[in-house]
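Printed here is protein-v2.csv (CSV, C-alpha atoms and all ligand atoms):
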```
chain,number,residue,atom,x,y,z
A,1,MET,CA,7.8,29.0,31.6
A,2,THR,CA,11.0,27.7,29.9
A,3,GLY,CA,12.0,28.8,26.4
A,4,ASP,CA,14.9,29.3,24.1
A,5,LEU,CA,15.2,30.0,20.4
A,6,SER,CA,15.0,26.4,19.2
A,7,ILE,CA,12.2,25.1,17.0
A,8,LEU,CA,10.0,22.5,18.8
A,9,VAL,CA,9.3,19.3,17.0
A,10,VAL,CA,6.5,17.2,18.6
A,11,GLY,CA,6.8,13.5,18.0
A,12,ALA,CA,9.9,11.3,17.5
A,13,GLY,CA,8.5,9.1,14.8
A,14,PRO,CA,10.2,8.9,11.4
A,15,VAL,CA,8.8,12.3,10.3
A,16,GLY,CA,9.7,14.3,13.5
A,17,LEU,CA,13.2,12.8,13.5
A,18,THR,CA,13.7,13.7,9.9
A,19,ALA,CA,12.4,17.3,10.4
A,20,ALA,CA,14.8,17.7,13.4
A,21,LEU,CA,17.7,16.2,11.5
A,22,SER,CA,17.1,18.4,8.4
A,23,LEU,CA,16.9,21.6,10.6
A,24,ALA,CA,20.0,20.7,12.6
A,25,ARG,CA,22.0,20.1,9.4
A,26,LYS,CA,21.1,23.6,8.3
A,27,GLY,CA,22.4,25.0,11.5
A,28,VAL,CA,18.9,25.7,13.0
A,29,ARG,CA,18.5,25.0,16.7
A,30,VAL,CA,15.8,22.4,17.3
A,31,ARG,CA,14.6,20.0,20.0
A,32,VAL,CA,12.2,17.1,20.0
A,33,ILE,CA,9.6,16.0,22.6
A,34,GLU,CA,8.2,12.5,22.5
A,35,LYS,CA,5.5,11.2,24.8
A,36,GLN,CA,6.7,7.6,24.8
A,37,LEU,CA,9.6,6.8,27.2
A,38,GLN,CA,11.2,4.2,24.9
A,39,PRO,CA,11.6,4.0,21.1
A,40,SER,CA,9.1,1.8,19.5
A,41,HIS,CA,10.2,-1.7,18.5
A,42,LEU,CA,7.4,-2.2,16.0
A,43,SER,CA,8.3,-2.8,12.3
A,44,LYS,CA,5.3,-0.8,10.9
A,45,ALA,CA,6.4,0.9,7.6
A,46,ILE,CA,8.9,-1.5,5.9
A,47,GLY,CA,9.5,0.2,2.5
A,48,ILE,CA,11.9,3.1,2.1
A,49,ASN,CA,11.2,4.3,-1.4
A,50,ALA,CA,13.4,5.8,-4.1
A,51,ARG,CA,12.3,9.4,-3.3
A,52,THR,CA,13.2,9.0,0.4
A,53,GLN,CA,16.6,7.6,-0.5
A,54,GLU,CA,17.2,10.5,-2.9
A,55,LEU,CA,16.3,13.0,-0.1
A,56,PHE,CA,18.6,11.4,2.5
A,57,ARG,CA,21.5,10.9,0.1
A,58,GLU,CA,23.4,14.0,1.2
A,59,THR,CA,23.0,13.1,4.8
A,60,GLY,CA,24.9,9.8,4.2
A,61,LEU,CA,22.0,7.9,5.7
A,62,THR,CA,20.8,6.3,2.4
A,63,GLU,CA,23.8,4.0,2.6
A,64,ARG,CA,23.0,3.2,6.2
A,65,PHE,CA,19.4,2.2,5.2
A,66,SER,CA,20.7,0.2,2.3
A,67,GLU,CA,23.3,-1.7,4.4
A,68,ALA,CA,20.8,-2.4,7.2
A,69,GLY,CA,17.9,-3.5,4.9
A,70,HIS,CA,17.7,-5.3,1.6
A,71,ARG,CA,16.6,-4.4,-1.9
A,72,ILE,CA,13.1,-5.0,-3.3
A,73,SER,CA,13.3,-5.4,-7.0
A,74,GLY,CA,9.6,-5.2,-7.9
A,75,ALA,CA,6.1,-6.4,-7.2
A,76,SER,CA,4.7,-9.8,-8.1
A,77,PHE,CA,1.0,-10.6,-8.4
A,78,LEU,CA,0.5,-14.3,-7.8
A,79,ASN,CA,-2.4,-16.8,-7.5
A,80,ALA,CA,-3.0,-19.0,-4.5
A,81,ASP,CA,-0.4,-21.6,-5.7
A,82,GLY,CA,2.3,-18.9,-6.0
A,83,GLN,CA,2.1,-18.9,-9.8
A,84,PRO,CA,2.8,-15.4,-11.3
A,85,LEU,CA,-0.1,-13.6,-12.8
A,86,PHE,CA,1.8,-10.4,-13.7
A,87,GLU,CA,4.9,-8.5,-12.6
A,88,ILE,CA,6.2,-5.0,-12.1
A,89,SER,CA,9.9,-4.7,-12.2
A,90,PHE,CA,11.5,-1.7,-10.5
A,91,ASP,CA,14.6,-2.4,-12.6
A,92,ASP,CA,12.7,-1.0,-15.7
A,93,LEU,CA,13.4,2.4,-14.2
A,94,GLU,CA,16.8,4.0,-14.7
A,95,ILE,CA,17.4,5.6,-11.4
A,96,PRO,CA,20.6,5.8,-9.3
A,97,CYS,CA,19.3,4.1,-6.2
A,98,ASP,CA,17.8,0.9,-4.9
A,99,ASN,CA,14.2,1.8,-5.8
A,100,MET,CA,12.8,0.3,-2.6
A,101,ILE,CA,14.7,-0.9,0.5
A,102,ALA,CA,13.0,-3.2,3.0
A,103,LEU,CA,13.8,-2.1,6.5
A,104,PRO,CA,11.6,-2.1,9.6
A,105,GLN,CA,10.5,1.3,10.8
A,106,SER,CA,12.0,0.8,14.2
A,107,GLU,CA,15.4,0.4,12.6
A,108,THR,CA,14.9,3.4,10.3
A,109,GLU,CA,14.1,5.4,13.5
A,110,ALA,CA,17.1,4.1,15.3
A,111,ILE,CA,19.4,5.2,12.5
A,112,LEU,CA,17.8,8.7,12.5
A,113,GLU,CA,18.1,9.0,16.3
A,114,GLU,CA,21.8,8.1,16.1
A,115,ALA,CA,22.3,10.8,13.5
A,116,LEU,CA,20.5,13.3,15.8
A,117,ARG,CA,22.6,12.3,18.8
A,118,LYS,CA,25.8,13.0,16.8
A,119,LEU,CA,24.5,16.5,16.1
A,120,LYS,CA,23.6,16.8,19.8
A,121,VAL,CA,19.9,17.5,19.1
A,122,PRO,CA,18.0,16.9,22.3
A,123,ILE,CA,15.1,14.3,22.2
A,124,LYS,CA,13.1,14.5,25.4
A,125,ARG,CA,11.2,11.3,26.0
A,126,GLY,CA,8.3,10.9,28.4
A,127,CYS,CA,7.2,14.5,27.5
A,128,GLU,CA,3.8,15.0,26.1
A,129,LEU,CA,2.3,18.0,24.4
A,130,ILE,CA,-1.2,18.6,25.8
A,131,GLY,CA,-2.1,22.0,24.3
A,132,LEU,CA,-0.8,25.1,22.6
A,133,GLU,CA,-1.4,28.8,22.0
A,134,GLN,CA,0.2,31.2,19.7
A,135,ASP,CA,0.7,34.9,19.2
A,136,GLY,CA,2.6,37.2,16.8
A,137,GLU,CA,6.0,36.3,18.3
A,138,GLY,CA,5.8,32.6,19.0
A,139,VAL,CA,4.0,29.6,20.3
A,140,THR,CA,3.5,28.5,23.9
A,141,ALA,CA,3.3,24.8,24.3
A,142,GLN,CA,1.8,23.1,27.3
A,143,VAL,CA,3.8,19.9,28.0
A,144,ARG,CA,3.5,17.2,30.7
A,145,SER,CA,6.5,15.3,31.9
A,146,GLY,CA,7.1,13.3,35.0
A,147,GLY,CA,3.6,14.2,36.3
A,148,GLU,CA,4.3,17.9,36.0
A,149,THR,CA,2.8,20.4,33.5
A,150,ARG,CA,4.7,23.4,32.3
A,151,GLU,CA,4.8,25.8,29.4
A,152,VAL,CA,7.5,25.9,26.8
A,153,ARG,CA,8.0,28.9,24.5
A,154,THR,CA,9.2,28.4,20.9
A,155,PRO,CA,9.3,30.6,17.8
A,156,LEU,CA,7.9,27.8,15.7
A,157,LEU,CA,6.3,24.3,16.3
A,158,ILE,CA,6.2,21.3,14.0
A,159,GLY,CA,3.5,18.7,14.8
A,160,CYS,CA,4.7,15.3,13.7
A,161,ASP,CA,2.6,13.6,16.4
A,162,GLY,CA,0.8,11.0,14.2
A,163,ALA,CA,-2.7,10.3,13.1
A,164,ASP,CA,-4.4,11.4,16.4
A,165,SER,CA,-2.3,14.6,16.5
A,166,THR,CA,-2.8,16.8,19.5
A,167,VAL,CA,-1.2,19.6,17.6
A,168,ARG,CA,-3.9,19.3,14.8
A,169,GLN,CA,-6.7,19.1,17.3
A,170,SER,CA,-5.4,22.0,19.4
A,171,LEU,CA,-5.5,24.1,16.2
A,172,GLY,CA,-9.1,23.0,15.5
A,173,ILE,CA,-8.0,21.7,12.1
A,174,GLY,CA,-10.4,19.1,10.7
A,175,PHE,CA,-9.3,15.6,9.4
A,176,PRO,CA,-12.1,14.6,7.0
A,177,GLY,CA,-12.1,11.4,5.0
A,178,SER,CA,-13.3,7.8,5.3
A,179,THR,CA,-12.5,4.6,7.1
A,180,MET,CA,-12.9,1.2,5.3
A,181,LYS,CA,-15.5,-1.2,6.7
A,182,HIS,CA,-13.3,-4.3,7.0
A,183,GLU,CA,-10.6,-4.9,9.6
A,184,TRP,CA,-7.2,-5.6,8.1
A,185,SER,CA,-4.7,-8.0,9.8
A,186,LEU,CA,-0.9,-8.1,9.7
A,187,ALA,CA,1.9,-10.2,11.2
A,188,ASP,CA,5.6,-10.4,11.3
A,189,VAL,CA,6.2,-14.1,11.1
A,190,ARG,CA,8.9,-16.6,10.2
A,191,LEU,CA,7.8,-18.4,7.0
A,192,LYS,CA,8.8,-21.5,5.0
A,193,THR,CA,7.7,-20.3,1.6
A,194,GLY,CA,8.4,-20.3,-2.1
A,195,LEU,CA,7.3,-16.7,-2.5
A,196,PRO,CA,10.0,-14.5,-4.2
A,197,PRO,CA,12.1,-13.1,-1.4
A,198,ASP,CA,13.1,-9.8,-3.0
A,199,ARG,CA,9.7,-8.8,-4.3
A,200,ALA,CA,6.6,-7.1,-2.8
A,201,ASN,CA,4.2,-10.0,-3.3
A,202,VAL,CA,0.4,-9.6,-3.8
A,203,VAL,CA,-1.3,-13.0,-3.6
A,204,ILE,CA,-4.8,-13.0,-5.0
A,205,LEU,CA,-6.8,-15.5,-2.9
A,206,PRO,CA,-10.4,-16.4,-3.6
A,207,GLN,CA,-11.9,-14.2,-0.8
A,208,ARG,CA,-9.1,-11.9,0.1
A,209,MET,CA,-5.8,-10.3,-0.8
A,210,LEU,CA,-2.5,-11.2,0.9
A,211,PHE,CA,0.5,-9.0,0.9
A,212,ALA,CA,3.9,-10.5,1.7
A,213,ILE,CA,7.3,-8.9,1.9
A,214,ARG,CA,10.5,-10.4,3.4
A,215,ILE,CA,12.0,-8.4,6.2
A,216,ARG,CA,15.2,-10.4,6.6
A,217,GLU,CA,16.3,-14.1,6.5
A,218,ASP,CA,13.0,-16.1,7.0
A,219,LEU,CA,11.2,-13.2,8.7
A,220,TRP,CA,8.3,-11.8,6.6
A,221,ARG,CA,5.6,-9.2,7.0
A,222,VAL,CA,2.3,-10.6,5.9
A,223,ALA,CA,-0.9,-8.5,5.7
A,224,SER,CA,-4.4,-9.0,4.5
A,225,ASP,CA,-7.5,-6.9,3.8
A,226,ARG,CA,-9.5,-9.2,6.0
A,227,PRO,CA,-8.9,-10.5,9.6
A,228,GLY,CA,-6.9,-13.7,10.3
A,229,VAL,CA,-4.0,-13.3,7.9
A,230,LEU,CA,-2.1,-16.3,9.4
A,231,GLU,CA,-5.0,-18.7,8.9
A,232,ASN,CA,-5.1,-17.8,5.2
A,233,LEU,CA,-1.6,-18.1,3.9
A,234,PRO,CA,-1.1,-19.2,0.3
A,235,ASN,CA,-0.6,-22.8,-0.5
A,236,SER,CA,2.9,-24.2,0.3
A,237,THR,CA,3.6,-21.5,2.8
A,238,GLU,CA,4.1,-22.5,6.4
A,239,ALA,CA,4.0,-20.2,9.4
A,240,GLY,CA,6.6,-20.5,12.2
A,241,GLU,CA,7.3,-18.1,15.1
A,242,VAL,CA,5.1,-15.0,15.2
A,243,LEU,CA,6.9,-11.9,16.3
A,244,TRP,CA,4.1,-9.3,16.0
A,245,GLU,CA,0.4,-9.6,15.2
A,246,SER,CA,-2.0,-6.7,14.8
A,247,ALA,CA,-5.3,-5.7,13.4
A,248,PHE,CA,-6.2,-2.2,12.1
A,249,ARG,CA,-8.7,-0.3,10.0
A,250,VAL,CA,-7.6,1.6,6.9
A,251,SER,CA,-8.5,5.3,6.7
A,252,HIS,CA,-8.0,7.8,4.0
A,253,ARG,CA,-7.9,11.3,5.6
A,254,GLN,CA,-6.3,14.6,5.1
A,255,ALA,CA,-6.0,17.7,7.3
A,256,THR,CA,-8.0,20.7,6.0
A,257,ARG,CA,-4.7,22.8,6.2
A,258,PHE,CA,-1.2,21.9,7.0
A,259,SER,CA,-0.2,25.1,8.9
A,260,GLU,CA,-1.7,27.8,11.0
A,261,GLY,CA,0.4,30.8,11.9
A,262,ARG,CA,3.7,29.5,13.4
A,263,VAL,CA,2.6,25.8,13.6
A,264,TYR,CA,3.0,23.2,10.9
A,265,LEU,CA,1.8,19.7,10.5
A,266,ALA,CA,3.7,16.9,8.8
A,267,GLY,CA,3.4,13.1,8.3
A,268,ASP,CA,0.5,11.1,9.6
A,269,ALA,CA,-0.7,14.2,11.6
A,270,ALA,CA,-1.5,15.7,8.1
A,271,HIS,CA,-2.5,12.7,6.0
A,272,ILE,CA,-3.2,8.9,6.4
A,273,HIS,CA,-4.0,6.3,3.8
A,274,SER,CA,-3.8,2.6,3.1
A,275,PRO,CA,-0.4,0.9,3.4
A,276,LEU,CA,-0.7,-0.4,-0.1
A,277,GLY,CA,2.2,0.9,-2.1
A,278,ALA,CA,4.2,1.8,1.1
A,279,ARG,CA,3.8,5.5,0.6
A,280,GLY,CA,2.7,6.6,4.2
A,281,MET,CA,6.0,7.1,5.9
A,282,ASN,CA,7.7,8.2,2.7
A,283,LEU,CA,5.2,10.9,2.0
A,284,GLY,CA,5.6,12.2,5.6
A,285,ILE,CA,9.4,12.2,5.3
A,286,GLU,CA,9.1,14.2,2.1
A,287,ASP,CA,6.8,16.7,4.0
A,288,ALA,CA,9.6,17.2,6.6
A,289,PHE,CA,12.3,17.8,4.0
A,290,VAL,CA,10.1,20.2,2.0
A,291,LEU,CA,9.0,22.1,5.1
A,292,VAL,CA,12.6,22.7,6.3
A,293,GLU,CA,13.7,23.8,2.9
A,294,LYS,CA,10.8,26.3,2.8
A,295,LEU,CA,11.5,27.6,6.3
A,296,VAL,CA,15.1,28.3,5.6
A,297,SER,CA,14.3,29.8,2.2
A,298,GLY,CA,11.8,32.2,3.8
A,299,VAL,CA,8.7,30.9,1.9
A,300,PRO,CA,6.9,28.8,4.6
A,301,GLN,CA,3.5,30.1,3.4
A,302,THR,CA,3.9,27.8,0.3
A,303,TYR,CA,4.2,24.7,2.4
A,304,SER,CA,0.6,24.0,3.2
A,305,PRO,CA,-0.9,24.5,-0.3
A,306,GLU,CA,1.9,22.6,-2.0
A,307,ARG,CA,1.9,19.6,0.3
A,308,MET,CA,-1.9,19.5,0.5
A,309,LYS,CA,-1.9,19.1,-3.3
A,310,THR,CA,0.7,16.3,-3.2
A,311,ALA,CA,-1.0,14.5,-0.4
A,312,SER,CA,-4.4,14.6,-1.9
A,313,HIS,CA,-3.1,13.3,-5.2
A,314,ALA,CA,-1.3,10.4,-3.4
A,315,ILE,CA,-4.4,9.6,-1.2
A,316,ARG,CA,-6.6,9.6,-4.3
A,317,GLN,CA,-4.3,7.1,-6.1
A,318,VAL,CA,-3.6,4.9,-3.1
A,319,LYS,CA,-7.4,4.8,-2.3
A,320,LEU,CA,-8.2,3.8,-5.9
A,321,GLN,CA,-5.5,1.1,-6.0
A,322,THR,CA,-6.7,-0.2,-2.6
A,323,LEU,CA,-10.3,-0.4,-3.7
A,324,LEU,CA,-9.3,-2.1,-7.0
A,325,ALA,CA,-7.1,-4.6,-5.1
A,326,THR,CA,-9.5,-5.5,-2.4
A,327,SER,CA,-13.1,-4.9,-3.6
A,328,ARG,CA,-15.3,-8.0,-4.0
A,329,ASN,CA,-17.4,-6.1,-6.6
A,330,PRO,CA,-17.6,-8.2,-9.8
A,331,ILE,CA,-16.4,-5.2,-11.9
A,332,ALA,CA,-13.3,-4.9,-9.7
A,333,THR,CA,-12.7,-8.6,-10.2
A,334,VAL,CA,-12.8,-8.3,-14.0
A,335,LEU,CA,-10.6,-5.2,-13.8
A,336,ARG,CA,-8.1,-7.0,-11.7
A,337,ARG,CA,-8.1,-10.1,-13.8
A,338,TYR,CA,-8.0,-8.7,-17.3
A,339,VAL,CA,-7.7,-4.9,-17.5
A,340,VAL,CA,-4.9,-4.3,-15.0
A,341,PRO,CA,-2.5,-7.0,-16.5
A,342,TYR,CA,-3.2,-5.5,-19.9
A,343,LEU,CA,-2.5,-1.9,-18.8
A,344,LEU,CA,0.7,-3.0,-17.0
A,345,SER,CA,1.9,-4.7,-20.2
A,346,ILE,CA,2.2,-1.2,-21.7
A,347,SER,CA,5.7,-0.2,-20.9
A,348,SER,CA,5.1,3.6,-20.7
A,349,LEU,CA,2.1,3.2,-18.4
A,350,ARG,CA,3.8,0.6,-16.3
A,351,GLN,CA,6.8,3.0,-15.8
A,352,LYS,CA,4.5,5.9,-14.9
A,353,ILE,CA,2.6,3.9,-12.3
A,354,THR,CA,5.8,2.5,-10.8
A,355,ARG,CA,7.5,5.9,-10.7
A,356,GLU,CA,4.4,7.4,-9.0
A,357,SER,CA,4.3,4.7,-6.4
A,358,LEU,CA,8.0,5.2,-5.7
A,359,GLY,CA,7.4,8.9,-5.2
A,360,LEU,CA,9.3,9.9,-8.3
A,361,GLU,CA,6.7,11.5,-10.4
A,362,PRO,CA,6.3,15.3,-10.0
A,363,ILE,CA,2.7,16.3,-9.1
B,401,LIG,C1,0.4,-1.4,12.2
B,401,LIG,C2,0.9,-0.4,11.2
B,401,LIG,C3,1.5,-0.9,10.0
B,401,LIG,C4,2.0,0.0,9.1
B,401,LIG,N1,2.6,-0.4,7.9
B,401,LIG,C5,3.0,0.5,7.0
B,401,LIG,C6,3.7,0.1,5.8
B,401,LIG,O1,3.8,-1.1,5.6
B,401,LIG,N2,4.1,1.1,5.0
B,401,LIG,C7,4.0,2.4,5.3
B,401,LIG,O2,4.4,3.3,4.5
B,401,LIG,N3,3.4,2.8,6.4
B,401,LIG,C8,2.9,1.9,7.3
B,401,LIG,N4,2.4,2.3,8.4
B,401,LIG,C9,2.2,3.8,8.6
B,401,LIG,C10,3.5,4.4,9.1
B,401,LIG,O3,3.9,3.7,10.3
B,401,LIG,C11,3.2,5.9,9.4
B,401,LIG,O4,2.9,6.5,8.1
B,401,LIG,C12,4.5,6.5,9.9
B,401,LIG,O5,4.8,6.0,11.2
B,401,LIG,C13,4.2,8.0,10.1
B,401,LIG,O6,5.2,8.6,10.8
B,401,LIG,P1,5.0,9.9,11.7
B,401,LIG,O7,6.3,10.3,12.2
B,401,LIG,O8,4.2,10.9,10.9
B,401,LIG,O9,4.0,9.4,12.8
B,401,LIG,P2,4.2,8.3,14.0
B,401,LIG,O10,5.1,7.3,13.5
B,401,LIG,O11,2.8,7.9,14.4
B,401,LIG,O12,5.0,9.1,15.1
B,401,LIG,C14,4.3,10.0,15.9
B,401,LIG,C15,5.1,10.1,17.2
B,401,LIG,O13,4.5,11.2,18.0
B,401,LIG,C16,4.4,10.8,19.3
B,401,LIG,N5,3.3,11.6,19.9
B,401,LIG,C17,2.0,11.5,19.7
B,401,LIG,N6,1.3,12.4,20.4
B,401,LIG,C18,2.2,13.1,21.1
B,401,LIG,C19,2.1,14.2,22.0
B,401,LIG,N7,1.0,14.8,22.3
B,401,LIG,N8,3.3,14.7,22.5
B,401,LIG,C20,4.5,14.1,22.2
B,401,LIG,N9,4.6,13.1,21.4
B,401,LIG,C21,3.5,12.6,20.8
B,401,LIG,C22,4.0,9.3,19.2
B,401,LIG,O14,4.3,8.6,20.4
B,401,LIG,C23,4.9,8.9,18.1
B,401,LIG,O15,6.2,8.4,18.5
B,401,LIG,C24,1.9,1.4,9.4
B,401,LIG,C25,1.3,1.9,10.6
B,401,LIG,C26,0.9,0.9,11.5
B,401,LIG,C27,0.3,1.4,12.8
```

Represent the structure from my file as structure tokens, please.
Ligand SMILES: Cc1cc2nc3c(=O)[nH]c(=O)nc-3n(C[C@H](O)[C@H](O)[C@H](O)COP(=O)(O)OP(=O)(O)OC[C@H]3O[C@@H](n4cnc5c(N)ncnc54)[C@H](O)[C@@H]3O)c2cc1C
Amino acid sequence: MTGDLSILVVGAGPVGLTAALSLARKGVRVRVIEKQLQPSHLSKAIGINARTQELFRETGLTERFSEAGHRISGASFLNADGQPLFEISFDDLEIPCDNMIALPQSETEAILEEALRKLKVPIKRGCELIGLEQDGEGVTAQVRSGGETREVRTPLLIGCDGADSTVRQSLGIGFPGSTMKHEWSLADVRLKTGLPPDRANVVILPQRMLFAIRIREDLWRVASDRPGVLENLPNSTEAGEVLWESAFRVSHRQATRFSEGRVYLAGDAAHIHSPLGARGMNLGIEDAFVLVEKLVSGVPQTYSPERMKTASHAIRQVKLQTLLATSRNPIATVLRRYVVPYLLSISSLRQKITRESLGLEPI
């Protein structure tokens, strides 16, 4: 058995890296284990929202994200010909940051890893957690690395190991919720298009929704609530080189508790929902900051109830927005066409919805 006094973070995704960074900056000894040998090159979560920028401000990384990415100034809802139906401008909000920065998740993770290297926080890759036990003094984690299994002792363990979390399953914590029937599709693709380059675009096509956000230059993320996004691009948009294509099912799920004894869950290990509104990674990063603050302030027992409330509120909202945006039900069609544009024309309501989707509304 090996052990020292450092906290063990499981998973080097954006949430695990943030938890480790936040602990290290507070002078707490921490180490990270990650089952993949190499960092992921996938773009996955593209939007860094205003709340996340606020949280990273004192680390100096908000400027790094801002320099590496580009600013998204709002959301445009368009018809198949690219004509605007209605708009939400983030500039309506008076906040001292970029509202939303478009940056691929792989680059966000690289910036976080670099910051951890500077603080000499060890990240052990190719090291997988396979089980854990805990007692009054600490946690014993079983880890597999290079074909060998050993036990690692830690006073406290943070499970940031994603939606299929081994940590959550080892604790016997449930992950109830639902999975949507249709498969969604996404691609990172070079486009020739007239879509606004600094907006999150939602194109309402006859039989599907298409979401398009520019990553950089002519490289765009396109996604749809049905398979075959590239075969169903809006009029006057032409696809070039495809860098990444994937299909996935959208689930809305939340762990039945976010902690058990000396073990905590954060990020996708604790909650998952539709990518609409780009809240997933941001909500997880917020978990990490809140957890560390509570650990160092000596009130860790408040983490689970507080974050469960925030997550369930966000999941409810994102699920509703996703159903409203993607349902073929005639009532949803009428709501989308007439009611939503009307509601968004009311400035106070528009601001509230925008602030919530940027993570700025207190729950
Ligand atoms: C195709 C796709 C597109 C997405 N698009 C968006 C988007 O547009 N906007 C958005 O907000 N979100 C998006 N997401 C979701 C977003 O990527 C996640 O919310 C985010 O990655 C969660 O971060 P995390 O650190 O909690 O988990 P993850 O990023 O999943 O990281 C978990 C890490 O733990 C490691 N791990 C797992 N098990 C173990 C173990 N037993 N031992 C050691 N290490 C382990 C994994 O290898 C991984 O590196 C997308 C996800 C996918 C898959």

What lies within 10 Å of Pro197 of chain A using all atoms listed in the file, ignoring chain neighbours under 5 positions off, as an MDAnalysis selection string? chainID A and resid 71:73 212:218 220

Within-6 Å shell of (-5.0, 7.1, 4.1) in input frame, all atoms listed in the file, as JSON, numbers by chain: {"A": [251, 252, 253, 272, 273, 274, 315]}

Within 7 Å of ligand LIG 401 (chain B) (counting all atoms listed in the file), which residues show up? I'd like them as a PyMOL selection string. chain A and resi 10-16+33-36+44-47+127-130+160-163+165-166+246+248+266-269+272+275+278-282+284

Nearest to Leu78 of chain A among A:Thr256, A:Ser297, A:Asn201, A:Ser224, with distances taken over only C-alpha atoms: which residue is it? A:Asn201

Segment 322-334 of chain A environment, 10 Å, all atoms listed in the file, sequence neighbours closer than 6 positions dropped, as a list of chain:residue names: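 Final neighbour list, sorted by chain and number: A:Met180, A:Val202, A:Ile204, A:Pro206, A:Gln207, A:Arg208, A:Met209, A:Leu210, A:Ser224, A:Asp225, A:Arg226, A:Val250, A:His273, A:Ser274, A:Pro275, A:Leu276, A:Gly277, A:Arg316, A:Val340.
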
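Take atom CA of Ser170 of chain A and atom CA of Leu37 of chain A: the distance between them is 22.7 Å.
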
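Among the candidates A:Gly261, A:Lys319, A:Glu245, A:Pro196, the one nearest to Ser178 of chain A when counting all atoms listed in the file is A:Lys319.
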
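Using only C-alpha atoms, the contacts of Leu243 of chain A at a cut-off of 10 Å, with sequence neighbours closer than 6 positions omitted, comprise Leu42, Ala187, Asp188, Val189, Arg190, Leu219, Trp220 and Arg221 of chain A.
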
Those residues you just picked out, can you put them in a file as a PDB file, keeping the file's coordinate frame with C-alpha atoms?
```pdb
ATOM      1  CA  LEU A  42       7.400  -2.200  16.000  1.00  0.00           C
ATOM      2  CA  ALA A 187       1.900 -10.200  11.200  1.00  0.00           C
ATOM      3  CA  ASP A 188       5.600 -10.400  11.300  1.00  0.00           C
ATOM      4  CA  VAL A 189       6.200 -14.100  11.100  1.00  0.00           C
ATOM      5  CA  ARG A 190       8.900 -16.600  10.200  1.00  0.00           C
ATOM      6  CA  LEU A 219      11.200 -13.200   8.700  1.00  0.00           C
ATOM      7  CA  TRP A 220       8.300 -11.800   6.600  1.00  0.00           C
ATOM      8  CA  ARG A 221       5.600  -9.200   7.000  1.00  0.00           C
TER       9      ARG A 221
END
```

In Å, how far is it from atom CA of Leu283 of chain A to atom CA of Ala24 of chain A? 20.7 Å

So, with only C-alpha atoms as the atoms that count, which of A:Ala255, A:Ala239, A:Leu186, A:Leu358 lies closest to Gly172 of chain A?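 Ranking A:Ala255, A:Ala239, A:Leu186, A:Leu358 by distance to Gly172 of chain A, first place goes to A:Ala255.
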
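Distance check against Leu21 of chain A using all atoms listed in the file: of A:Pro305, A:Pro122, A:Gly194, A:Pro300, the minimum falls on A:Pro122.
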
Find the residues near segment 80-95 of chain A: any atom within 6 Å, counting all atoms listed in the file, skip ones fewer than 3 places away on the same chain, and give them as an MDAnalysis selection string. chainID A and resid 73:77 205 234:235

Atomic separation - atom CA of Gln351 of chain A relative to atom CA of Ala288 of chain A, Å: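 These atoms are spaced 26.7 Å apart.
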
Check the smallest atom-to-atom distance from each of A:Val32, A:Leu295, A:Leu156, A:Ala223 to Gly136 of chain A using all atoms listed in the file, then report the winner.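 Nearest candidate to Gly136 of chain A out of A:Val32, A:Leu295, A:Leu156, A:Ala223: A:Leu156.
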
Need the shell around Glu260 of chain A: protein/DNA/RNA residues with any atom at most 12 Å away, counting all atoms listed in the file. Skip same-chain ones fewer than 2 positions apart. Format as an MDAnalysis selection string? chainID A and resid 132:136 138:139 156:159 167:173 255:258 262:265 300:301 303:305
